[in-house]
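Pasting target.pdb here (PDB, C-alpha atoms and all ligand atoms):
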MODEL        1
ATOM      1  CA  MET D   6      -8.787   0.938   5.860
ATOM      2  CA  LEU D   7      -5.259   0.773   7.125
ATOM      3  CA  VAL D   8      -3.625  -2.645   6.613
ATOM      4  CA  THR D   9      -0.148  -4.169   6.477
ATOM      5  CA  THR D  10       1.470  -5.213   3.195
ATOM      6  CA  LYS D  11       1.603  -8.845   4.316
ATOM      7  CA  GLU D  12      -1.779 -10.125   3.118
ATOM      8  CA  MET D  13      -1.965  -7.442   0.440
ATOM      9  CA  LEU D  14       1.119  -8.770  -1.356
ATOM     10  CA  LEU D  15       0.339 -12.449  -0.782
ATOM     11  CA  GLU D  16      -3.105 -11.846  -2.263
ATOM     12  CA  ALA D  17      -1.504 -10.138  -5.265
ATOM     13  CA  GLN D  18       0.953 -13.004  -5.654
ATOM     14  CA  LYS D  19      -1.825 -15.585  -5.537
ATOM     15  CA  ASN D  20      -3.851 -13.757  -8.175
ATOM     16  CA  HIS D  21      -0.932 -12.766 -10.442
ATOM     17  CA  TYR D  22      -1.089  -8.999 -10.158
ATOM     18  CA  ALA D  23       1.031  -6.405  -8.353
ATOM     19  CA  VAL D  24       0.232  -3.542  -5.995
ATOM     20  CA  GLY D  25       1.550  -0.073  -6.834
ATOM     21  CA  ALA D  26       3.646   1.618  -4.152
ATOM     22  CA  PHE D  27       3.639   5.362  -4.594
ATOM     23  CA  ASN D  28       6.020   7.810  -2.924
ATOM     24  CA  VAL D  29       4.396  10.932  -1.465
ATOM     25  CA  GLU D  30       5.911  14.258  -0.429
ATOM     26  CA  ASN D  31       2.953  16.230   0.890
ATOM     27  CA  MET D  32      -0.703  16.118   1.884
ATOM     28  CA  GLU D  33      -1.949  16.695  -1.657
ATOM     29  CA  MET D  34      -0.037  13.674  -2.943
ATOM     30  CA  VAL D  35      -1.486  11.509  -0.158
ATOM     31  CA  GLN D  36      -4.973  12.698  -1.117
ATOM     32  CA  ALA D  37      -4.282  12.025  -4.803
ATOM     33  CA  VAL D  38      -3.033   8.466  -4.289
ATOM     34  CA  ILE D  39      -5.948   7.511  -2.039
ATOM     35  CA  ALA D  40      -8.491   9.129  -4.371
ATOM     36  CA  ALA D  41      -7.003   7.101  -7.238
ATOM     37  CA  ALA D  42      -7.222   3.877  -5.200
ATOM     38  CA  GLU D  43     -10.860   4.552  -4.402
ATOM     39  CA  GLU D  44     -11.794   5.347  -7.974
ATOM     40  CA  MET D  45      -9.993   2.254  -9.272
ATOM     41  CA  ARG D  46     -11.108   0.020  -6.371
ATOM     42  CA  SER D  47      -7.487  -0.914  -5.829
ATOM     43  CA  PRO D  48      -5.316  -1.756  -2.829
ATOM     44  CA  VAL D  49      -2.435   0.689  -2.520
ATOM     45  CA  ILE D  50       0.847   1.296  -0.709
ATOM     46  CA  ILE D  51       1.847   4.834   0.250
ATOM     47  CA  GLN D  52       5.526   5.209   1.017
ATOM     48  CA  THR D  53       8.081   7.744   2.193
ATOM     49  CA  THR D  54      11.880   7.698   1.899
ATOM     50  CA  PRO D  55      14.350   8.791   4.611
ATOM     51  CA  SER D  56      14.888  12.131   2.821
ATOM     52  CA  THR D  57      11.128  12.763   2.773
ATOM     53  CA  LEU D  58      11.056  11.958   6.503
ATOM     54  CA  LYS D  59      13.755  14.585   7.039
ATOM     55  CA  TYR D  60      11.533  17.168   5.369
ATOM     56  CA  ALA D  61       8.617  16.320   7.687
ATOM     57  CA  SER D  62       8.260  13.740  10.450
ATOM     58  CA  PRO D  63       6.904  10.196  10.061
ATOM     59  CA  GLU D  64       4.129  11.211  12.480
ATOM     60  CA  LEU D  65       2.972  13.933  10.116
ATOM     61  CA  TYR D  66       2.891  11.704   7.021
ATOM     62  CA  PHE D  67       1.319   8.870   8.954
ATOM     63  CA  ALA D  68      -1.419  11.158  10.315
ATOM     64  CA  ASN D  69      -2.292  12.292   6.789
ATOM     65  CA  VAL D  70      -2.669   8.740   5.543
ATOM     66  CA  LYS D  71      -4.471   7.496   8.635
ATOM     67  CA  ALA D  72      -7.080  10.263   8.541
ATOM     68  CA  LEU D  73      -8.052   9.293   4.991
ATOM     69  CA  ALA D  74      -7.563   5.528   5.334
ATOM     70  CA  GLN D  75      -9.977   5.359   8.270
ATOM     71  CA  LYS D  76     -12.753   6.602   6.025
ATOM     72  CA  SER D  77     -11.849   4.447   3.056
ATOM     73  CA  VAL D  78     -12.939   0.957   2.071
ATOM     74  CA  VAL D  79      -9.807   0.253   0.038
ATOM     75  CA  PRO D  80      -6.833  -1.419   1.782
ATOM     76  CA  ILE D  81      -4.066   1.144   2.329
ATOM     77  CA  ALA D  82      -0.600   0.399   3.730
ATOM     78  CA  VAL D  83       1.916   2.999   4.965
ATOM     79  CA  HIS D  84       5.443   1.866   4.161
ATOM     80  CA  LEU D  85       8.956   3.066   4.982
ATOM     81  CA  ASP D  86      10.836   3.086   1.654
ATOM     82  CA  HIS D  87      14.614   2.426   1.668
ATOM     83  CA  GLY D  88      14.900   2.563   5.453
ATOM     84  CA  ASN D  89      18.603   3.143   6.022
ATOM     85  CA  SER D  90      19.006   2.406   9.725
ATOM     86  CA  PHE D  91      17.582   0.215  12.462
ATOM     87  CA  GLU D  92      16.660   3.399  14.356
ATOM     88  CA  LEU D  93      14.576   4.886  11.533
ATOM     89  CA  ALA D  94      12.873   1.535  10.997
ATOM     90  CA  MET D  95      11.883   1.487  14.689
ATOM     91  CA  GLN D  96      10.795   5.133  14.645
ATOM     92  CA  THR D  97       8.357   4.591  11.785
ATOM     93  CA  PHE D  98       7.197   1.288  13.244
ATOM     94  CA  ARG D  99       6.436   2.944  16.595
ATOM     95  CA  CYS D 100       4.507   5.795  15.007
ATOM     96  CA  GLY D 101       2.168   3.413  13.166
ATOM     97  CA  TYR D 102       3.684   2.559   9.782
ATOM     98  CA  THR D 103       2.232  -0.779   8.714
ATOM     99  CA  SER D 104       5.157  -1.947   6.581
ATOM    100  CA  ILE D 105       8.913  -1.400   6.686
ATOM    101  CA  MET D 106      11.718  -1.631   4.177
ATOM    102  CA  ILE D 107      15.216  -1.977   5.528
ATOM    103  CA  ASP D 108      17.680  -1.423   2.721
ATOM    104  CA  GLY D 109      20.988  -3.003   3.641
ATOM    105  CA  SER D 110      21.977  -3.373  -0.020
ATOM    106  CA  PRO D 111      24.944  -0.964   0.218
ATOM    107  CA  LYS D 112      26.421  -3.235   2.900
ATOM    108  CA  SER D 113      28.200  -6.554   2.509
ATOM    109  CA  PHE D 114      26.058  -9.688   2.177
ATOM    110  CA  GLU D 115      26.644 -10.681   5.809
ATOM    111  CA  GLU D 116      26.053  -7.168   7.165
ATOM    112  CA  ASN D 117      22.876  -6.866   5.118
ATOM    113  CA  ILE D 118      21.676 -10.165   6.607
ATOM    114  CA  ALA D 119      22.489  -9.016  10.151
ATOM    115  CA  LEU D 120      20.690  -5.652   9.796
ATOM    116  CA  THR D 121      17.681  -7.125   8.002
ATOM    117  CA  SER D 122      17.335  -9.943  10.547
ATOM    118  CA  ALA D 123      17.397  -7.474  13.446
ATOM    119  CA  VAL D 124      14.592  -5.393  11.896
ATOM    120  CA  VAL D 125      12.593  -8.520  11.007
ATOM    121  CA  GLN D 126      12.801  -9.738  14.569
ATOM    122  CA  ALA D 127      11.598  -6.448  16.023
ATOM    123  CA  ALA D 128       8.850  -5.854  13.441
ATOM    124  CA  HIS D 129       7.445  -9.383  13.288
ATOM    125  CA  GLY D 130       6.813  -9.279  17.030
ATOM    126  CA  ALA D 131       4.127  -6.695  16.251
ATOM    127  CA  GLY D 132       2.932  -8.305  13.017
ATOM    128  CA  ILE D 133       4.642  -5.761  10.747
ATOM    129  CA  PRO D 134       6.147  -7.161   7.521
ATOM    130  CA  VAL D 135       9.607  -6.245   6.259
ATOM    131  CA  GLU D 136      10.902  -5.658   2.721
ATOM    132  CA  ALA D 137      14.631  -6.101   2.161
ATOM    133  CA  GLU D 138      16.926  -5.479  -0.811
ATOM    134  CA  LEU D 139      19.741  -7.490  -2.306
ATOM    135  CA  GLY D 140      21.768  -6.183  -5.235
ATOM    136  CA  THR D 141      22.108  -2.651  -6.559
ATOM    137  CA  VAL D 142      19.242  -0.674  -8.053
ATOM    138  CA  GLY D 143      20.874   2.145 -10.027
ATOM    139  CA  GLY D 144      20.540   5.843  -9.285
ATOM    140  CA  LYS D 145      20.864   6.490  -5.565
ATOM    141  CA  GLU D 146      23.117   3.511  -5.058
ATOM    142  CA  ASP D 147      25.365   4.032  -8.074
ATOM    143  CA  SER D 148      28.243   5.422  -6.098
ATOM    144  CA  LEU D 149      28.181   2.697  -3.470
ATOM    145  CA  ASP D 150      30.415  -0.199  -4.258
ATOM    146  CA  ASN D 151      30.695  -2.957  -1.698
ATOM    147  CA  GLY D 152      32.276  -5.380  -4.142
ATOM    148  CA  GLU D 153      29.086  -7.433  -4.122
ATOM    149  CA  GLY D 154      26.850  -4.951  -5.943
ATOM    150  CA  GLY D 155      25.270  -5.333  -9.334
ATOM    151  CA  TYR D 156      22.317  -7.491 -10.261
ATOM    152  CA  THR D 157      20.724  -9.825  -7.720
ATOM    153  CA  ASP D 158      22.161 -13.319  -7.753
ATOM    154  CA  PRO D 159      19.347 -15.922  -7.525
ATOM    155  CA  GLN D 160      21.198 -18.339  -5.232
ATOM    156  CA  LYS D 161      22.262 -15.528  -2.916
ATOM    157  CA  ALA D 162      18.677 -14.256  -2.876
ATOM    158  CA  LYS D 163      17.490 -17.704  -1.807
ATOM    159  CA  GLU D 164      20.031 -17.861   1.007
ATOM    160  CA  PHE D 165      19.279 -14.255   2.028
ATOM    161  CA  VAL D 166      15.539 -14.869   2.323
ATOM    162  CA  GLU D 167      16.012 -18.122   4.246
ATOM    163  CA  ARG D 168      18.421 -16.537   6.709
ATOM    164  CA  THR D 169      16.569 -13.225   7.276
ATOM    165  CA  ASN D 170      12.934 -14.380   7.100
ATOM    166  CA  CYS D 171      12.018 -11.116   5.335
ATOM    167  CA  ASP D 172       8.514 -10.867   3.813
ATOM    168  CA  SER D 173       9.340  -9.391   0.403
ATOM    169  CA  LEU D 174      12.528  -8.769  -1.565
ATOM    170  CA  ALA D 175      13.567  -5.881  -3.803
ATOM    171  CA  VAL D 176      15.611  -7.221  -6.690
ATOM    172  CA  ALA D 177      18.165  -5.530  -8.934
ATOM    173  CA  ILE D 178      17.477  -6.490 -12.545
ATOM    174  CA  GLY D 179      18.494  -3.324 -14.402
ATOM    175  CA  THR D 180      16.206  -0.572 -13.163
ATOM    176  CA  ALA D 181      17.464   2.706 -11.674
ATOM    177  CA  HIS D 182      15.902   5.450  -9.575
ATOM    178  CA  GLY D 183      15.224   8.848 -11.124
ATOM    179  CA  VAL D 184      14.862   9.941 -14.731
ATOM    180  CA  TYR D 185      16.255   7.501 -17.336
ATOM    181  CA  LYS D 186      18.498   8.936 -20.045
ATOM    182  CA  HIS D 187      17.967   5.789 -22.154
ATOM    183  CA  ALA D 188      15.252   3.162 -21.863
ATOM    184  CA  PRO D 189      16.569   0.535 -19.440
ATOM    185  CA  LYS D 190      17.048  -3.046 -20.592
ATOM    186  CA  LEU D 191      15.832  -5.337 -17.848
ATOM    187  CA  ASP D 192      17.225  -8.793 -17.193
ATOM    188  CA  LEU D 193      13.896 -10.640 -17.247
ATOM    189  CA  GLU D 194      15.532 -14.067 -17.320
ATOM    190  CA  ARG D 195      17.250 -13.226 -14.061
ATOM    191  CA  LEU D 196      13.897 -12.237 -12.543
ATOM    192  CA  SER D 197      12.438 -15.617 -13.529
ATOM    193  CA  ALA D 198      15.494 -17.391 -12.136
ATOM    194  CA  ILE D 199      15.064 -15.575  -8.802
ATOM    195  CA  ARG D 200      11.349 -16.401  -8.777
ATOM    196  CA  LYS D 201      12.172 -20.096  -9.219
ATOM    197  CA  VAL D 202      14.152 -20.267  -5.984
ATOM    198  CA  VAL D 203      12.516 -17.486  -3.893
ATOM    199  CA  ASP D 204       8.840 -17.804  -3.080
ATOM    200  CA  ILE D 205       8.118 -14.516  -1.247
ATOM    201  CA  PRO D 206       6.718 -11.484  -3.170
ATOM    202  CA  LEU D 207       9.377  -9.686  -5.249
ATOM    203  CA  VAL D 208       9.569  -5.889  -5.543
ATOM    204  CA  LEU D 209      10.499  -3.720  -8.530
ATOM    205  CA  HIS D 210      12.182  -0.383  -7.743
ATOM    206  CA  GLY D 211      12.976   2.516 -10.059
ATOM    207  CA  THR D 212       9.866   2.040 -12.180
ATOM    208  CA  SER D 213       9.215   5.632 -13.291
ATOM    209  CA  GLY D 214      10.023   5.679 -16.997
ATOM    210  CA  VAL D 215       9.973   1.888 -17.457
ATOM    211  CA  ASP D 216       7.775   0.900 -20.388
ATOM    212  CA  ASP D 217       4.315  -0.288 -19.255
ATOM    213  CA  ASP D 218       4.637  -3.517 -21.259
ATOM    214  CA  VAL D 219       7.933  -4.293 -19.563
ATOM    215  CA  VAL D 220       6.329  -3.686 -16.144
ATOM    216  CA  LYS D 221       3.509  -6.071 -17.100
ATOM    217  CA  GLU D 222       6.064  -8.717 -18.089
ATOM    218  CA  CYS D 223       7.810  -8.264 -14.727
ATOM    219  CA  VAL D 224       4.482  -8.792 -12.954
ATOM    220  CA  LYS D 225       3.944 -11.982 -14.971
ATOM    221  CA  ARG D 226       7.346 -13.180 -13.831
ATOM    222  CA  GLY D 227       6.729 -12.652 -10.126
ATOM    223  CA  ILE D 228       6.888  -8.955  -9.216
ATOM    224  CA  CYS D 229       4.113  -8.227  -6.660
ATOM    225  CA  LYS D 230       4.984  -4.634  -5.656
ATOM    226  CA  VAL D 231       5.919  -1.892  -8.126
ATOM    227  CA  ASN D 232       7.491   1.360  -6.865
ATOM    228  CA  TYR D 233       6.853   4.726  -8.501
ATOM    229  CA  ALA D 234       8.349   7.959  -7.129
ATOM    230  CA  THR D 235       9.997  10.299  -9.650
ATOM    231  CA  ASP D 236       7.019  10.495 -12.011
ATOM    232  CA  LEU D 237       4.664  11.485  -9.171
ATOM    233  CA  ARG D 238       6.971  14.369  -8.276
ATOM    234  CA  ILE D 239       7.082  15.387 -11.923
ATOM    235  CA  ALA D 240       3.279  15.181 -12.232
ATOM    236  CA  TYR D 241       2.670  17.281  -9.129
ATOM    237  CA  THR D 242       5.195  19.926 -10.115
ATOM    238  CA  LYS D 243       3.860  20.068 -13.681
ATOM    239  CA  GLY D 244       0.430  20.997 -12.318
ATOM    240  CA  VAL D 245       1.857  23.676 -10.044
ATOM    241  CA  LYS D 246       3.997  25.173 -12.819
ATOM    242  CA  GLU D 247       1.087  25.236 -15.244
ATOM    243  CA  ILE D 248      -1.137  27.197 -12.899
ATOM    244  CA  LEU D 249       1.606  29.681 -12.054
ATOM    245  CA  ALA D 250       2.443  30.124 -15.737
ATOM    246  CA  GLU D 251      -1.215  30.651 -16.641
ATOM    247  CA  ASN D 252      -1.651  33.171 -13.866
ATOM    248  CA  PRO D 253       1.546  34.518 -12.272
ATOM    249  CA  ASP D 254      -0.535  36.491  -9.758
ATOM    250  CA  VAL D 255      -1.849  33.365  -8.043
ATOM    251  CA  PHE D 256      -0.681  33.201  -4.426
ATOM    252  CA  ASP D 257      -3.138  30.725  -2.911
ATOM    253  CA  PRO D 258      -1.426  27.298  -2.488
ATOM    254  CA  LYS D 259      -4.844  25.641  -2.846
ATOM    255  CA  LYS D 260      -5.063  26.923  -6.419
ATOM    256  CA  TYR D 261      -1.916  25.299  -7.737
ATOM    257  CA  GLY D 262      -2.150  22.353  -5.315
ATOM    258  CA  THR D 263      -5.448  21.361  -6.901
ATOM    259  CA  ARG D 264      -3.908  20.963 -10.372
ATOM    260  CA  GLY D 265      -0.842  19.127  -9.004
ATOM    261  CA  ARG D 266      -3.090  16.766  -7.075
ATOM    262  CA  GLU D 267      -5.213  16.055 -10.128
ATOM    263  CA  TYR D 268      -2.174  15.141 -12.242
ATOM    264  CA  VAL D 269      -0.834  12.797  -9.566
ATOM    265  CA  LYS D 270      -4.225  11.097  -9.310
ATOM    266  CA  GLN D 271      -4.377  10.571 -13.088
ATOM    267  CA  TYR D 272      -0.866   9.120 -13.142
ATOM    268  CA  VAL D 273      -1.556   6.750 -10.240
ATOM    269  CA  MET D 274      -4.840   5.526 -11.774
ATOM    270  CA  ASP D 275      -3.005   4.770 -14.997
ATOM    271  CA  LYS D 276      -0.274   2.775 -13.210
ATOM    272  CA  MET D 277      -2.817   0.832 -11.148
ATOM    273  CA  GLN D 278      -4.179  -0.469 -14.456
ATOM    274  CA  VAL D 279      -0.674  -1.344 -15.628
ATOM    275  CA  VAL D 280       0.118  -3.431 -12.522
ATOM    276  CA  GLY D 281      -3.334  -5.042 -12.589
ATOM    277  CA  SER D 282      -4.562  -4.020  -9.122
ATOM    278  CA  THR D 283      -7.863  -2.423 -10.207
ATOM    279  CA  ASN D 284     -11.310  -3.752  -9.299
ATOM    280  CA  ARG D 285      -9.943  -5.949  -6.526
ATOM    281  CA  ILE D 286     -12.189  -4.514  -3.781
TER     282      ILE D 286
HETATM  283  P1  LIG U   1      11.527   5.920  -9.299
HETATM  284  O1  LIG U   1      11.757   7.241  -8.642
HETATM  285  O2  LIG U   1      12.508   5.645 -10.383
HETATM  286  O3  LIG U   1      10.117   5.736  -9.720
HETATM  287  O4  LIG U   1      11.818   4.801  -8.192
HETATM  288  C1  LIG U   1      10.846   4.541  -7.218
HETATM  289  C2  LIG U   1      11.408   3.693  -6.130
HETATM  290  O5  LIG U   1      12.043   2.697  -6.348
HETATM  291  C3  LIG U   1      11.137   4.104  -4.753
HETATM  292  O6  LIG U   1      11.755   3.266  -3.845
HETATM  293 ZN    ZN U   2      13.521   2.313  -4.623
ENDMDL
END
Kindly present the structure from the file in structure tokens form.
Ligand code: 13P
Ligand code: ZN
Amino acid sequence: MLVTTKEMLLEAQKNHYAVGAFNVENMEMVQAVIAAAEEMRSPVIIQTTPSTLKYASPELYFANVKALAQKSVVPIAVHLDHGNSFELAMQTFRCGYTSIMIDGSPKSFEENIALTSAVVQAAHGAGIPVEAELGTVGGKEDSLDNGEGGYTDPQKAKEFVERTNCDSLAVAIGTAHGVYKHAPKLDLERLSAIRKVVDIPLVLHGTSGVDDDVVKECVKRGICKVNYATDLRIAYTKGVKEILAENPDVFDPKKYGTRGREYVKQYVMDKMQVVGSTNRI
């Protein structure tokens, strides 16, 4: 069934686990993530970034998820990941997305508060929760320097949450998007310090490639939503490449899509166990 992330994340917070949020790029990846959730009896968040929504419309991704979610007993949320404008946030919200991230982290503290508050006001009117971000998760944001970047400051996080009324907060504690060249060293003490003064669910970004034990420790310290994107793309593409290498004459997209889908499903099932969301339904 299609749900918002509001109760889903509060339920996770109450019971000390996290929900996996998995980025999808096509129909097969949507099928894979939902099949994994059903097999593991796990709530799940399916999300798309602005660049994915340039490739195909929010309506198209939403329709894929909705068609499967309607027939499923597991709670499924459709989330805008790293929403980069008020307009895109409203576009996804109007087409049925059940959860929105507005990422004002490249902006100044005050501008981030203003943008986040505007989205919160519009979304909350319709019961849609909003994730915000404070601090700089590496990778995509590396080149953006607003003078206030870097790791999330606990006191600023407290003020930010109080002033914006956002429902969950992405924190910067040393992770980065994309493929890691070296294992990241996370600032777990900082995460605990944020948790002490911020009581809404916290979100970990850039989790592909982070050691499972480190992810588990983050969940213990207050992370309730864990984002995986890069490794799903790698898993899907690995399956496609394998089939084409085994039989270069294959031309039916269903043939290689099947293997890609299977690898994504396996990966997602594994990560659902890591974040502790299995057997919750
Ligand atoms: P990765 O691509 O590093 O898994 O990051 C996922 C993410 O944070 C999506 O918002
Ligand atoms: Zn992210």
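Take the candidates D:Val202, D:Val35, D:Met13, D:Val125 and check each one against Pro80 (chain D) using all atoms listed in the file; the shortest distance goes to D:Met13.
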Exercise. How would you write, as a ChimeraX atom specification, the residues chosen by the PyMOL selection byres (((not hetatm)) within 10 of (chain U and resi 2)) on this structure?
Worked result: /D:26,28,54,86-87,106,108,138,142-146,175-176,180-183,208-212,231-234
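Reported to one decimal place, the separation of CA of Phe67 (chain D) from CA of Lys246 (chain D) is 27.3 Å.
The space between CA of Gln278 (chain D) and CA of Ile39 (chain D) spans 14.9 Å.
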Exercise. If we count all atoms listed in the file, what is near Leu58 (chain D) at a cut-off of 12 Å, once residues fewer than 3 positions away on the same chain are taken out, given as a VMD selection string?
Worked result: chain D and resid 28 to 31 52 to 55 61 to 67 84 to 89 93 to 94 96 to 97
Protein/DNA/RNA residues near (-2.6, 15.7, -7.5), cut 8 Å, all atoms listed in the file, as a PDB file with C-alpha atoms, in the frame of the given file:
ATOM      1  CA  GLU D  33      -1.949  16.695  -1.657  1.00  0.00           C
ATOM      2  CA  MET D  34      -0.037  13.674  -2.943  1.00  0.00           C
ATOM      3  CA  GLN D  36      -4.973  12.698  -1.117  1.00  0.00           C
ATOM      4  CA  ALA D  37      -4.282  12.025  -4.803  1.00  0.00           C
ATOM      5  CA  VAL D  38      -3.033   8.466  -4.289  1.00  0.00           C
ATOM      6  CA  ALA D 240       3.279  15.181 -12.232  1.00  0.00           C
ATOM      7  CA  TYR D 241       2.670  17.281  -9.129  1.00  0.00           C
ATOM      8  CA  GLY D 244       0.430  20.997 -12.318  1.00  0.00           C
ATOM      9  CA  GLY D 262      -2.150  22.353  -5.315  1.00  0.00           C
ATOM     10  CA  THR D 263      -5.448  21.361  -6.901  1.00  0.00           C
ATOM     11  CA  ARG D 264      -3.908  20.963 -10.372  1.00  0.00           C
ATOM     12  CA  GLY D 265      -0.842  19.127  -9.004  1.00  0.00           C
ATOM     13  CA  ARG D 266      -3.090  16.766  -7.075  1.00  0.00           C
ATOM     14  CA  GLU D 267      -5.213  16.055 -10.128  1.00  0.00           C
ATOM     15  CA  TYR D 268      -2.174  15.141 -12.242  1.00  0.00           C
ATOM     16  CA  VAL D 269      -0.834  12.797  -9.566  1.00  0.00           C
ATOM     17  CA  LYS D 270      -4.225  11.097  -9.310  1.00  0.00           C
ATOM     18  CA  GLN D 271      -4.377  10.571 -13.088  1.00  0.00           C
TER      19      GLN D 271
END
Problem set entry | Residue neighbourhood region 153-165 of chain D, 8 Å, only C-alpha atoms, exclusion window fewer than 5 positions, as a ChimeraX atom specification | /D:110-111,113-114,118,139-142,176-179,195,198-199,202-203
Exercise. Any idea what's packed within 9 Å of region 184-187 of chain D, counting all atoms listed in the file, ignoring anything in its chain fewer than 4 positions away? Could you give it as a ChimeraX atom specification?
Worked result: /D:144,211,213-215,235-236
Print the selection's residues with C-alpha atoms to a file, as an mmCIF file, in the coordinates of the input.
data_model
loop_
_atom_site.group_PDB
_atom_site.id
_atom_site.type_symbol
_atom_site.label_atom_id
_atom_site.label_comp_id
_atom_site.auth_asym_id
_atom_site.auth_seq_id
_atom_site.Cartn_x
_atom_site.Cartn_y
_atom_site.Cartn_z
ATOM 1 C CA GLY D 144 20.540 5.843 -9.285
ATOM 2 C CA GLY D 211 12.976 2.516 -10.059
ATOM 3 C CA SER D 213 9.215 5.632 -13.291
ATOM 4 C CA GLY D 214 10.023 5.679 -16.997
ATOM 5 C CA VAL D 215 9.973 1.888 -17.457
ATOM 6 C CA THR D 235 9.997 10.299 -9.650
ATOM 7 C CA ASP D 236 7.019 10.495 -12.011
#
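Of note, atom O3 of ligand LIG 1 (chain U) and CA of Gly25 (chain D) are spaced 10.7 Å apart.
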For this session: Compile the contact shell of Met6 (chain D) as a ChimeraX atom specification: residues with an atom at most 9 Å away, counting all atoms listed in the file, same-chain residues fewer than 4 positions apart removed.
Result: /D:71,73-82
Centre, x/y/z edge lengths, axis-aligned box for ligand LIG 1 (chain U) with 4 Å per side, as lines of an AutoDock Vina configuration file:
center_x = 11.3
center_y = 5.0
center_z = -7.1
size_x = 10.4
size_y = 12.5
size_z = 14.5
